[in-house]
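The block underneath contains the structure these notes are about, expressed in structure tokens.
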Number of protein chains: 4
Amino acid sequence: MIIVLKPGIGKKQEANILREIRKRGYKPHVMRGVARTVIGAIGDELTHQSLETLAMVFPQVVESVMPVQKRYKFISREGHPEDTTIQVRQQVVGGKKFQVMAGPCSVESEKQLLETAVAVKEAGATILRGGAFKPRTSPYEFQGLGEKGLRLLAKARRETGLAIITELLSENHAEMVAEYADILQIGARNAQNFQLLIAAAKTGKPILLKRGLSMKIEEWLLAGEYVLANSNCNLMFCERGIRTFETYTRNTLDLSTIPIIKKESHCPIVIDPSQGAGRADLVKALCKGAVAMGADALLIEVHPNPAEAWSDGGQQVSLKVFGELMQELKPLIGAAGRE
Amino acid sequence: MIIVLKPGIGKKQEANILREIRKRGYKPHVMRGVARTVIGAIGDELTHQSLETLAMVFPQVVESVMPVQKRYKFISREGHPEDTTIQVRQQVVGGKKFQVMAGPCSVESEKQLLETAVAVKEAGATILRGGAFKPRTSPYEFQGLGEKGLRLLAKARRETGLAIITELLSENHAEMVAEYADILQIGARNAQNFQLLIAAAKTGKPILLKRGLSMKIEEWLLAGEYVLANSNCNLMFCERGIRTFETYTRNTLDLSTIPIIKKESHCPIVIDPSQGAGRADLVKALCKGAVAMGADALLIEVHPNPAEAWSDGGQQVSLKVFGELMQELKPLIGAAGRE
Amino acid sequence: MIIVLKPGIGKKQEANILREIRKRGYKPHVMRGVARTVIGAIGDELTHQSLETLAMVFPQVVESVMPVQKRYKFISREGHPEDTTIQVRQQVVGGKKFQVMAGPCSVESEKQLLETAVAVKEAGATILRGGAFKPRTSPYEFQGLGEKGLRLLAKARRETGLAIITELLSENHAEMVAEYADILQIGARNAQNFQLLIAAAKTGKPILLKRGLSMKIEEWLLAGEYVLANSNCNLMFCERGIRTFETYTRNTLDLSTIPIIKKESHCPIVIDPSQGAGRADLVKALCKGAVAMGADALLIEVHPNPAEAWSDGGQQVSLKVFGELMQELKPLIGAAGRE
Amino acid sequence: MIIVLKPGIGKKQEANILREIRKRGYKPHVMRGVARTVIGAIGDELTHQSLETLAMVFPQVVESVMPVQKRYKFISREGHPEDTTIQVRQQVVGGKKFQVMAGPCSVESEKQLLETAVAVKEAGATILRGGAFKPRTSPYEFQGLGEKGLRLLAKARRETGLAIITELLSENHAEMVAEYADILQIGARNAQNFQLLIAAAKTGKPILLKRGLSMKIEEWLLAGEYVLANSNCNLMFCERGIRTFETYTRNTLDLSTIPIIKKESHCPIVIDPSQGAGRADLVKALCKGAVAMGADALLIEVHPNPAEAWSDGGQQVSLKVFGELMQELKPLIGAAGRE
């Protein structure tokens, strides 16, 4: 911790601060600068009490307090330099092979799901997505088929061999959803629902953690730390757009998270262009950018008839567009050094 | 719903759109304008399938689709013109009397809590706040005393007569927390954890719903709708700052929510200046603004020794500052027509 | 400056950094912590070259660089503890007397302006606002009457005795506008148009500097520093709302700037609730909050017939509402210790 | 325009609104819906007075007013379906050939500029960037070499054949800068400085218009409309990151603007990854994404010795990194169908 004192602080006030720093288990180290004095507090910030309160508690004396240590450890690439790869049935996420997860926003019916599953597999997808429990802004919107939806996903897996990913909404469903799913998705609205993260981690299943609507990268890494600290290291991050002032798109997809997550952590990074823009007409371009920038996988909403989708029809691409997209991505996947 | 067609759309394409609108249960009504044709789709938007997908599904034909109905009903002042008042033990929130909820961020010990409770009561507070379960950005930060904290809150209530408000973090704790608390607080990070909202609503206890970090007002009202739609009408909204680009304050407290919530809904509005700014030195001024603008209550973090608080010490005011604040607020409460 | 090194940095790499720090005129001071080494670089950050580039230039060695000095000086309360008061004809902004600046968004005609001027004066306003040059998002919107508008403002001043404030849009107009106006307003879109700020400062006239749409407080203070550094100390800041994700209001009025500007600087702070919300129905409540929180003045858009205003009619209040507002503010102005 | 009335509005109130609509030159068209009545106002929104004030002026009657027409025309692809290409000396921006503009943030000396120019040309860049007039947040930071910098740029052009792009900061410099530069850059802070846009347009030179820090896409297109409406159609847009809550990067580069600008307008789109992230370590990845997504050009800050740059050293890449980058981009430029 670095404690910056205000200009013109007397010896006595400085001594008070030094005493306070020692009391909390740190060793103070004084540097007298030109305009003000700075104190370095030496000690482990993860195990000692924070000194950040000093600025508020001694507002006449302390100008600011700045941490120097990172707040996460298991998730950090510092202590784990090699990439984490995650086995999902026959597929590996985070390895040489680029993965595509595709399927409808919501599971609506056996026919809808199977038709989609067969088509996305044929186009080259390896993992089937589909929501059985849906978090909806309004209580009057379709909330998902629940366990029936999970059974349909399991059926689609049997028939196509695709692994499945589906969202976990409630701590109480963790075991049930884990019985069916190959990857548990934690949605943006629950990205800091730590109880849910812990319940998900404890199932032992791979977890895809979406970025919250207004989550800083450090907070996202710390939410991931909740998973790893609960003994589950099969974590992948998924950027799905952040909330900004722009209204042309539903969210602003922050593709810079690809190099950033790769730099700060060892976990795979997945891009969701469907939620990211909220507009089907931007999905192709965003996928191309994600591949070129080094993402490990894509998560794409695909529907046999977007116009009649029960949720978020405007952001789902048709089977035909998805097929074209997969063709157009091929040269870029090669150019990015992936298969 | 209003559907705006692109310029120069032919009769045949228009007929397709009209067919689609009818198929979804709406009656179309065509208006030919100067630059483009607009179709009004007449029907109840809450019960029919949304038409918003048309713009994405027919991107060559439809330029935009705009809803005309509000998405919430129980929460709306339209159907419930008089103010809702909420009985909390001997106190009423949302009535003539201005209420002050105060207490520590986290319950740390019996001594800390009782000392605070006695002092805030003496200064004029009527409801005691204190966190027993704490949502923390990092898994390495203090997570609260849990049920032990709840028992201490109940003890403080017995000794001071203050009602208590505490945060509910997990669906699994809903019954337990409801046994102790007079008001259940739903925190900003869980403001769209709909499963938690439903579990809280079902306890029948009054609920204080904080605004999420990046929640639009419409989304906040809709989250409140989840409570009312689950047969609990004792809901109060609590503004606690939104996330913006500004870094001087932790959040940007949006005091305009006071007149807005009063206009759009019939529920009380509470202001939390402690989370709102994340800085104790701004608490007094923000409280004054909230009172003058017509808030129904304040939620203030107070600690006997902020420098040693186990969480968020920088935003908690001391007992002394709280006492001064309550004195300074008195003339404003009068000027705002409250007691 | 504080330079934080990565964990496990060897002596040789450290020596490189120390050499670099000395080369730029700072004296390094090494502190070896538990997890990493921190270097304090002692020297005046305003006169020496910045060290912030070290983190990018030595990415394998330096984790982060943090400044400890404030970047502004003339604007800071540190070196100028007493409040600045600004004489504007017979009025003083920033003193004991609370000031109200009111008038139409745009000057439209002699009749419109004089009717407004007479009415706002009668209601208690002391300064007349009115735009002669208007910055408009679209080139097809009304751009203001130009110099003709300035002449009408001067006429309104002669007839009512009100001082006038009007916006300066172009460096080329600085002298002309300064001939007519008592206060030059720099609008939000030009808040970092430094050439315009310098041209305005050089006229010697009092300047009202609006906060830019996405300006951090530090940047706003630094923009103000451009004015003071050009020998004009008659600067007042004006909060007019920042851009956030919320769409219910046009901007989010950040009332916490009132105590913040008072703390960081010695200049008066003015609140503009009309731009701040973009909705006339919120103006009354926002004015009340501003007064209670200690603002020095208000800047309010008032129009004899808002429905027919040539610009921003939706945010202008009528003469009648303005009269009511001034009555309702009186007890709050007293409660805030002002006249 | 679409005017939505509140529920339960009587005939008389409706008649008032209809009268008001007619008075402003529109023909009203009433649609009675299930929950509320909607009025379509038929007429040209660009030539008639806006109806948006109705909601504020008749708050008891009108719920909302929604425009249906786009606010821009010359910039729109609707009326100009083919791509605009811009001739810049021997190069064409917006055509088949992908262009790279590269050079230092600030022109510092002849040696620095020429060394950079020769190196970037050799690596494949076709246009040289360099700031002679620099807008700086603080008045104490380096403000650029001014006209001397322009002369150095002209010299670099003579010696390398590279075209040059440099920023225009002041209306008063428009003619002077246009004498030297091949492209005038309008920076983010001046993106809504309409006087500057008009002055730049009138020089007839190609203009690169950066997106403002918190500019919505519609506002950016409208700022571009100022250029085209002043008879200069050589406009290119440049995305350089928007301001969000994230602090890991200086800005959030919004790559979705590439397909959006291509869809909405006919002008070329350029990506600036240096300002976009504010971190040299992210530049390579962001360039790759931009190429794959269909950008027309890149604008990259390159410096022979970033550690000693006089401005923004942390975001400038070295000559060596730039050379590598150009090699890595080649296969992607091919995969994107460019040369």
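Within each chain, counting starts at residue 1; across the structure tokens, chains are named A, B, ... in the order shown, with ligands numbered 1 upward in that order.
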*What residues in region 62-138 of chain D get the DSSP label alpha helix (DSSP H)? Please answer as a VMD selection string.*
chain D and resid 110 to 123
Got time to write the residues from that selection, C-alpha atoms, as a PDB file, in the first residue's frame?
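What ended up in part24.pdb:
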```
ATOM      1  CA  GLU D 110      13.392  16.357 -37.650  1.00  0.00           C
ATOM      2  CA  LYS D 111      15.421  13.341 -36.638  1.00  0.00           C
ATOM      3  CA  GLN D 112      12.548  11.651 -34.800  1.00  0.00           C
ATOM      4  CA  LEU D 113      10.083  12.296 -37.607  1.00  0.00           C
ATOM      5  CA  LEU D 114      12.298  11.283 -40.509  1.00  0.00           C
ATOM      6  CA  GLU D 115      13.519   8.154 -38.807  1.00  0.00           C
ATOM      7  CA  THR D 116       9.918   7.148 -38.177  1.00  0.00           C
ATOM      8  CA  ALA D 117       8.754   8.098 -41.670  1.00  0.00           C
ATOM      9  CA  VAL D 118      11.441   6.070 -43.394  1.00  0.00           C
ATOM     10  CA  ALA D 119      10.792   3.060 -41.161  1.00  0.00           C
ATOM     11  CA  VAL D 120       7.012   3.023 -41.461  1.00  0.00           C
ATOM     12  CA  LYS D 121       7.224   3.460 -45.209  1.00  0.00           C
ATOM     13  CA  GLU D 122       9.584   0.524 -45.455  1.00  0.00           C
ATOM     14  CA  ALA D 123       7.223  -1.567 -43.353  1.00  0.00           C
TER      15      ALA D 123
END
```
_Taking only C-alpha atoms into account, find every residue of chain D that has an atom no more than 6 Å from chain A, and write it out as a PyMOL selection string._
chain D and resi 216+246+285+288-289+292-293
*Between C:Leu298, C:Ile9, C:Glu219, C:Gly124, which one has atoms that come closest to Glu324 (chain C), using only C-alpha atoms?*
C:Gly124
_Using Å and a single decimal, report how far CA of Pro104 (chain D) sits from CA of Pro206 (chain D)._
20.4 Å
Which of region 186-298 of chain B fall in strand (DSSP E or B), as a PDB file with all heavy atoms, in the first residue's frame:
```
ATOM      1  N   ILE B 186     -32.318  -6.161  -0.910  1.00  0.00           N
ATOM      2  CA  ILE B 186     -31.732  -6.836  -2.078  1.00  0.00           C
ATOM      3  C   ILE B 186     -30.670  -5.895  -2.619  1.00  0.00           C
ATOM      4  O   ILE B 186     -30.965  -4.754  -2.988  1.00  0.00           O
ATOM      5  CB  ILE B 186     -32.800  -7.106  -3.166  1.00  0.00           C
ATOM      6  CG1 ILE B 186     -33.956  -7.941  -2.604  1.00  0.00           C
ATOM      7  CG2 ILE B 186     -32.160  -7.786  -4.384  1.00  0.00           C
ATOM      8  CD1 ILE B 186     -33.605  -9.347  -2.231  1.00  0.00           C
ATOM      9  N   ILE B 207     -39.608  -5.219   1.409  1.00  0.00           N
ATOM     10  CA  ILE B 207     -38.381  -5.399   0.633  1.00  0.00           C
ATOM     11  C   ILE B 207     -37.842  -4.042   0.185  1.00  0.00           C
ATOM     12  O   ILE B 207     -38.591  -3.198  -0.306  1.00  0.00           O
ATOM     13  CB  ILE B 207     -38.653  -6.296  -0.592  1.00  0.00           C
ATOM     14  CG1 ILE B 207     -38.939  -7.711  -0.091  1.00  0.00           C
ATOM     15  CG2 ILE B 207     -37.491  -6.275  -1.573  1.00  0.00           C
ATOM     16  CD1 ILE B 207     -39.417  -8.652  -1.143  1.00  0.00           C
ATOM     17  N   LEU B 208     -36.540  -3.860   0.380  1.00  0.00           N
ATOM     18  CA  LEU B 208     -35.857  -2.668  -0.136  1.00  0.00           C
ATOM     19  C   LEU B 208     -35.001  -3.136  -1.304  1.00  0.00           C
ATOM     20  O   LEU B 208     -34.073  -3.932  -1.129  1.00  0.00           O
ATOM     21  CB  LEU B 208     -35.013  -2.026   0.967  1.00  0.00           C
ATOM     22  CG  LEU B 208     -34.212  -0.778   0.552  1.00  0.00           C
ATOM     23  CD1 LEU B 208     -34.261   0.275   1.665  1.00  0.00           C
ATOM     24  CD2 LEU B 208     -32.772  -1.133   0.264  1.00  0.00           C
ATOM     25  N   LEU B 209     -35.329  -2.643  -2.497  1.00  0.00           N
ATOM     26  CA  LEU B 209     -34.653  -3.094  -3.713  1.00  0.00           C
ATOM     27  C   LEU B 209     -33.682  -2.031  -4.191  1.00  0.00           C
ATOM     28  O   LEU B 209     -34.088  -0.971  -4.672  1.00  0.00           O
ATOM     29  CB  LEU B 209     -35.692  -3.376  -4.803  1.00  0.00           C
ATOM     30  CG  LEU B 209     -35.153  -3.712  -6.198  1.00  0.00           C
ATOM     31  CD1 LEU B 209     -34.269  -4.942  -6.181  1.00  0.00           C
ATOM     32  CD2 LEU B 209     -36.312  -3.897  -7.184  1.00  0.00           C
ATOM     33  N   LYS B 210     -32.397  -2.325  -4.074  1.00  0.00           N
ATOM     34  CA  LYS B 210     -31.404  -1.374  -4.542  1.00  0.00           C
ATOM     35  C   LYS B 210     -31.345  -1.386  -6.068  1.00  0.00           C
ATOM     36  O   LYS B 210     -31.650  -2.397  -6.702  1.00  0.00           O
ATOM     37  CB  LYS B 210     -30.038  -1.723  -3.947  1.00  0.00           C
ATOM     38  CG  LYS B 210     -29.995  -1.455  -2.439  1.00  0.00           C
ATOM     39  CD  LYS B 210     -28.598  -1.120  -1.990  1.00  0.00           C
ATOM     40  CE  LYS B 210     -28.592  -0.630  -0.560  1.00  0.00           C
ATOM     41  NZ  LYS B 210     -27.233  -0.269  -0.129  1.00  0.00           N
ATOM     42  N   LEU B 235     -42.948  -2.885  -1.184  1.00  0.00           N
ATOM     43  CA  LEU B 235     -41.670  -2.695  -1.866  1.00  0.00           C
ATOM     44  C   LEU B 235     -41.247  -1.244  -1.771  1.00  0.00           C
ATOM     45  O   LEU B 235     -42.028  -0.333  -2.003  1.00  0.00           O
ATOM     46  CB  LEU B 235     -41.829  -3.065  -3.345  1.00  0.00           C
ATOM     47  CG  LEU B 235     -40.585  -2.815  -4.196  1.00  0.00           C
ATOM     48  CD1 LEU B 235     -39.504  -3.843  -3.873  1.00  0.00           C
ATOM     49  CD2 LEU B 235     -40.920  -2.858  -5.675  1.00  0.00           C
ATOM     50  N   MET B 236     -39.959  -1.034  -1.446  1.00  0.00           N
ATOM     51  CA  MET B 236     -39.402   0.315  -1.551  1.00  0.00           C
ATOM     52  C   MET B 236     -38.166   0.243  -2.442  1.00  0.00           C
ATOM     53  O   MET B 236     -37.429  -0.739  -2.422  1.00  0.00           O
ATOM     54  CB  MET B 236     -39.074   0.907  -0.176  1.00  0.00           C
ATOM     55  CG  MET B 236     -38.239   0.056   0.728  1.00  0.00           C
ATOM     56  SD  MET B 236     -38.276   0.640   2.483  1.00  0.00           S
ATOM     57  CE  MET B 236     -39.298  -0.650   3.238  1.00  0.00           C
ATOM     58  N   PHE B 237     -37.965   1.295  -3.246  1.00  0.00           N
ATOM     59  CA  PHE B 237     -36.791   1.370  -4.100  1.00  0.00           C
ATOM     60  C   PHE B 237     -35.682   2.112  -3.363  1.00  0.00           C
ATOM     61  O   PHE B 237     -35.966   2.999  -2.551  1.00  0.00           O
ATOM     62  CB  PHE B 237     -37.131   2.119  -5.394  1.00  0.00           C
ATOM     63  CG  PHE B 237     -38.025   1.338  -6.321  1.00  0.00           C
ATOM     64  CD1 PHE B 237     -39.397   1.577  -6.374  1.00  0.00           C
ATOM     65  CD2 PHE B 237     -37.497   0.359  -7.145  1.00  0.00           C
ATOM     66  CE1 PHE B 237     -40.222   0.852  -7.229  1.00  0.00           C
ATOM     67  CE2 PHE B 237     -38.311  -0.367  -8.010  1.00  0.00           C
ATOM     68  CZ  PHE B 237     -39.680  -0.121  -8.043  1.00  0.00           C
ATOM     69  N   CYS B 238     -34.442   1.745  -3.629  1.00  0.00           N
ATOM     70  CA  CYS B 238     -33.318   2.441  -2.998  1.00  0.00           C
ATOM     71  C   CYS B 238     -32.243   2.759  -4.039  1.00  0.00           C
ATOM     72  O   CYS B 238     -31.596   1.857  -4.563  1.00  0.00           O
ATOM     73  CB  CYS B 238     -32.730   1.596  -1.863  1.00  0.00           C
ATOM     74  SG  CYS B 238     -31.294   2.385  -1.091  1.00  0.00           S
ATOM     75  N   GLU B 239     -32.085   4.048  -4.310  1.00  0.00           N
ATOM     76  CA  GLU B 239     -31.019   4.510  -5.215  1.00  0.00           C
ATOM     77  C   GLU B 239     -29.712   4.516  -4.450  1.00  0.00           C
ATOM     78  O   GLU B 239     -29.621   5.078  -3.369  1.00  0.00           O
ATOM     79  CB  GLU B 239     -31.351   5.924  -5.700  1.00  0.00           C
ATOM     80  CG  GLU B 239     -30.193   6.709  -6.302  1.00  0.00           C
ATOM     81  CD  GLU B 239     -29.689   6.175  -7.643  1.00  0.00           C
ATOM     82  OE1 GLU B 239     -30.454   5.509  -8.352  1.00  0.00           O
ATOM     83  OE2 GLU B 239     -28.508   6.419  -7.963  1.00  0.00           O
ATOM     84  N   ILE B 242     -25.066   4.814  -9.604  1.00  0.00           N
ATOM     85  CA  ILE B 242     -24.851   3.998 -10.794  1.00  0.00           C
ATOM     86  C   ILE B 242     -23.388   4.089 -11.195  1.00  0.00           C
ATOM     87  O   ILE B 242     -22.658   4.975 -10.770  1.00  0.00           O
ATOM     88  CB  ILE B 242     -25.757   4.435 -11.963  1.00  0.00           C
ATOM     89  CG1 ILE B 242     -25.586   5.936 -12.259  1.00  0.00           C
ATOM     90  CG2 ILE B 242     -27.207   4.106 -11.653  1.00  0.00           C
ATOM     91  CD1 ILE B 242     -26.320   6.399 -13.498  1.00  0.00           C
ATOM     92  N   THR B 252     -21.975   7.161  -9.138  1.00  0.00           N
ATOM     93  CA  THR B 252     -22.607   8.463  -9.309  1.00  0.00           C
ATOM     94  C   THR B 252     -24.035   8.357  -8.781  1.00  0.00           C
ATOM     95  O   THR B 252     -24.865   7.659  -9.363  1.00  0.00           O
ATOM     96  CB  THR B 252     -22.611   8.870 -10.801  1.00  0.00           C
ATOM     97  OG1 THR B 252     -21.254   8.964 -11.250  1.00  0.00           O
ATOM     98  CG2 THR B 252     -23.297  10.209 -11.012  1.00  0.00           C
ATOM     99  N   SER B 265     -44.037   5.370 -10.235  1.00  0.00           N
ATOM    100  CA  SER B 265     -44.579   4.323  -9.369  1.00  0.00           C
ATOM    101  C   SER B 265     -45.184   4.918  -8.109  1.00  0.00           C
ATOM    102  O   SER B 265     -45.096   6.116  -7.863  1.00  0.00           O
ATOM    103  CB  SER B 265     -43.477   3.322  -9.010  1.00  0.00           C
ATOM    104  OG  SER B 265     -42.904   3.634  -7.765  1.00  0.00           O
ATOM    105  N   ILE B 269     -39.280   5.830  -2.016  1.00  0.00           N
ATOM    106  CA  ILE B 269     -37.913   5.879  -2.535  1.00  0.00           C
ATOM    107  C   ILE B 269     -36.953   6.271  -1.396  1.00  0.00           C
ATOM    108  O   ILE B 269     -37.171   7.249  -0.705  1.00  0.00           O
ATOM    109  CB  ILE B 269     -37.797   6.841  -3.737  1.00  0.00           C
ATOM    110  CG1 ILE B 269     -36.335   7.050  -4.160  1.00  0.00           C
ATOM    111  CG2 ILE B 269     -38.405   8.207  -3.458  1.00  0.00           C
ATOM    112  CD1 ILE B 269     -35.788   5.999  -5.036  1.00  0.00           C
ATOM    113  N   VAL B 270     -35.918   5.454  -1.250  1.00  0.00           N
ATOM    114  CA  VAL B 270     -34.928   5.616  -0.197  1.00  0.00           C
ATOM    115  C   VAL B 270     -33.593   5.946  -0.878  1.00  0.00           C
ATOM    116  O   VAL B 270     -33.314   5.424  -1.946  1.00  0.00           O
ATOM    117  CB  VAL B 270     -34.793   4.294   0.595  1.00  0.00           C
ATOM    118  CG1 VAL B 270     -33.785   4.428   1.730  1.00  0.00           C
ATOM    119  CG2 VAL B 270     -36.154   3.844   1.117  1.00  0.00           C
ATOM    120  N   ILE B 271     -32.793   6.805  -0.255  1.00  0.00           N
ATOM    121  CA  ILE B 271     -31.494   7.157  -0.841  1.00  0.00           C
ATOM    122  C   ILE B 271     -30.368   6.652   0.063  1.00  0.00           C
ATOM    123  O   ILE B 271     -30.383   6.848   1.275  1.00  0.00           O
ATOM    124  CB  ILE B 271     -31.381   8.688  -1.025  1.00  0.00           C
ATOM    125  CG1 ILE B 271     -32.429   9.193  -2.007  1.00  0.00           C
ATOM    126  CG2 ILE B 271     -29.967   9.083  -1.476  1.00  0.00           C
ATOM    127  CD1 ILE B 271     -32.294   8.711  -3.438  1.00  0.00           C
ATOM    128  N   ALA B 297     -36.840   8.316   2.739  1.00  0.00           N
ATOM    129  CA  ALA B 297     -35.967   7.826   3.807  1.00  0.00           C
ATOM    130  C   ALA B 297     -34.528   7.853   3.325  1.00  0.00           C
ATOM    131  O   ALA B 297     -34.250   7.961   2.125  1.00  0.00           O
ATOM    132  CB  ALA B 297     -36.351   6.399   4.193  1.00  0.00           C
ATOM    133  N   LEU B 298     -33.611   7.747   4.279  1.00  0.00           N
ATOM    134  CA  LEU B 298     -32.180   7.627   3.996  1.00  0.00           C
ATOM    135  C   LEU B 298     -31.675   6.312   4.561  1.00  0.00           C
ATOM    136  O   LEU B 298     -32.220   5.809   5.557  1.00  0.00           O
ATOM    137  CB  LEU B 298     -31.408   8.772   4.658  1.00  0.00           C
ATOM    138  CG  LEU B 298     -31.659  10.177   4.104  1.00  0.00           C
ATOM    139  CD1 LEU B 298     -31.093  11.233   5.047  1.00  0.00           C
ATOM    140  CD2 LEU B 298     -31.044  10.317   2.715  1.00  0.00           C
TER     141      LEU B 298
END
```
_Contacts of Arg158 (chain B) at 12 Å (only C-alpha atoms; same-chain gap of 5+ positions) as a ChimeraX atom specification_ = /B:114,117-118,128,151-153,163-164,180
For the residues in the current selection, export N, CA and C atoms as a compact mmCIF listing (two decimals), in the first residue's frame.
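Saved to out_9.txt:
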```txt
# COMPACT_ATOMS: atom_id res chain seq x y z
N LEU B 114 -24.20 -2.70 19.26
CA LEU B 114 -25.05 -2.05 20.26
C LEU B 114 -24.65 -0.60 20.46
N ALA B 117 -26.18 1.18 17.60
CA ALA B 117 -27.64 1.21 17.66
C ALA B 117 -28.11 2.27 18.66
N VAL B 118 -27.50 2.25 19.84
CA VAL B 118 -27.91 3.22 20.86
C VAL B 118 -27.67 4.65 20.36
N LEU B 128 -32.49 0.25 12.15
CA LEU B 128 -31.07 -0.09 12.25
C LEU B 128 -30.66 -0.94 11.06
N ARG B 151 -28.51 -12.75 14.76
CA ARG B 151 -28.90 -12.82 16.19
C ARG B 151 -28.51 -11.54 16.91
N LEU B 152 -27.35 -10.98 16.54
CA LEU B 152 -26.95 -9.72 17.16
C LEU B 152 -27.89 -8.58 16.77
N LEU B 153 -28.34 -8.59 15.53
CA LEU B 153 -29.30 -7.56 15.10
C LEU B 153 -30.60 -7.67 15.91
N ALA B 163 -36.39 -1.02 14.48
CA ALA B 163 -36.62 -2.09 13.50
C ALA B 163 -35.30 -2.38 12.80
N ILE B 164 -35.19 -3.55 12.16
CA ILE B 164 -33.91 -3.83 11.50
C ILE B 164 -34.06 -4.18 10.02
N TYR B 180 -35.56 -12.99 11.22
CA TYR B 180 -34.94 -11.96 12.05
C TYR B 180 -35.27 -10.54 11.59
```
*asked:* One number please: CA of Val30 (chain B) to CA of Arg36 (chain D), in Å, one decimal.
replied: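 Pair CA of Val30 (chain B) / CA of Arg36 (chain D) returns 17.1 Å.
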*Enter the distance from CA of Met101 (chain C) to CA of Glu301 (chain C), in Å, rounded to one decimal.*
8.6 Å
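Counting only C-alpha atoms and comparing B:Leu319, B:Leu54, B:Ala35, B:Ile261, the residue that lies closest to Leu18 (chain B) is B:Leu54.
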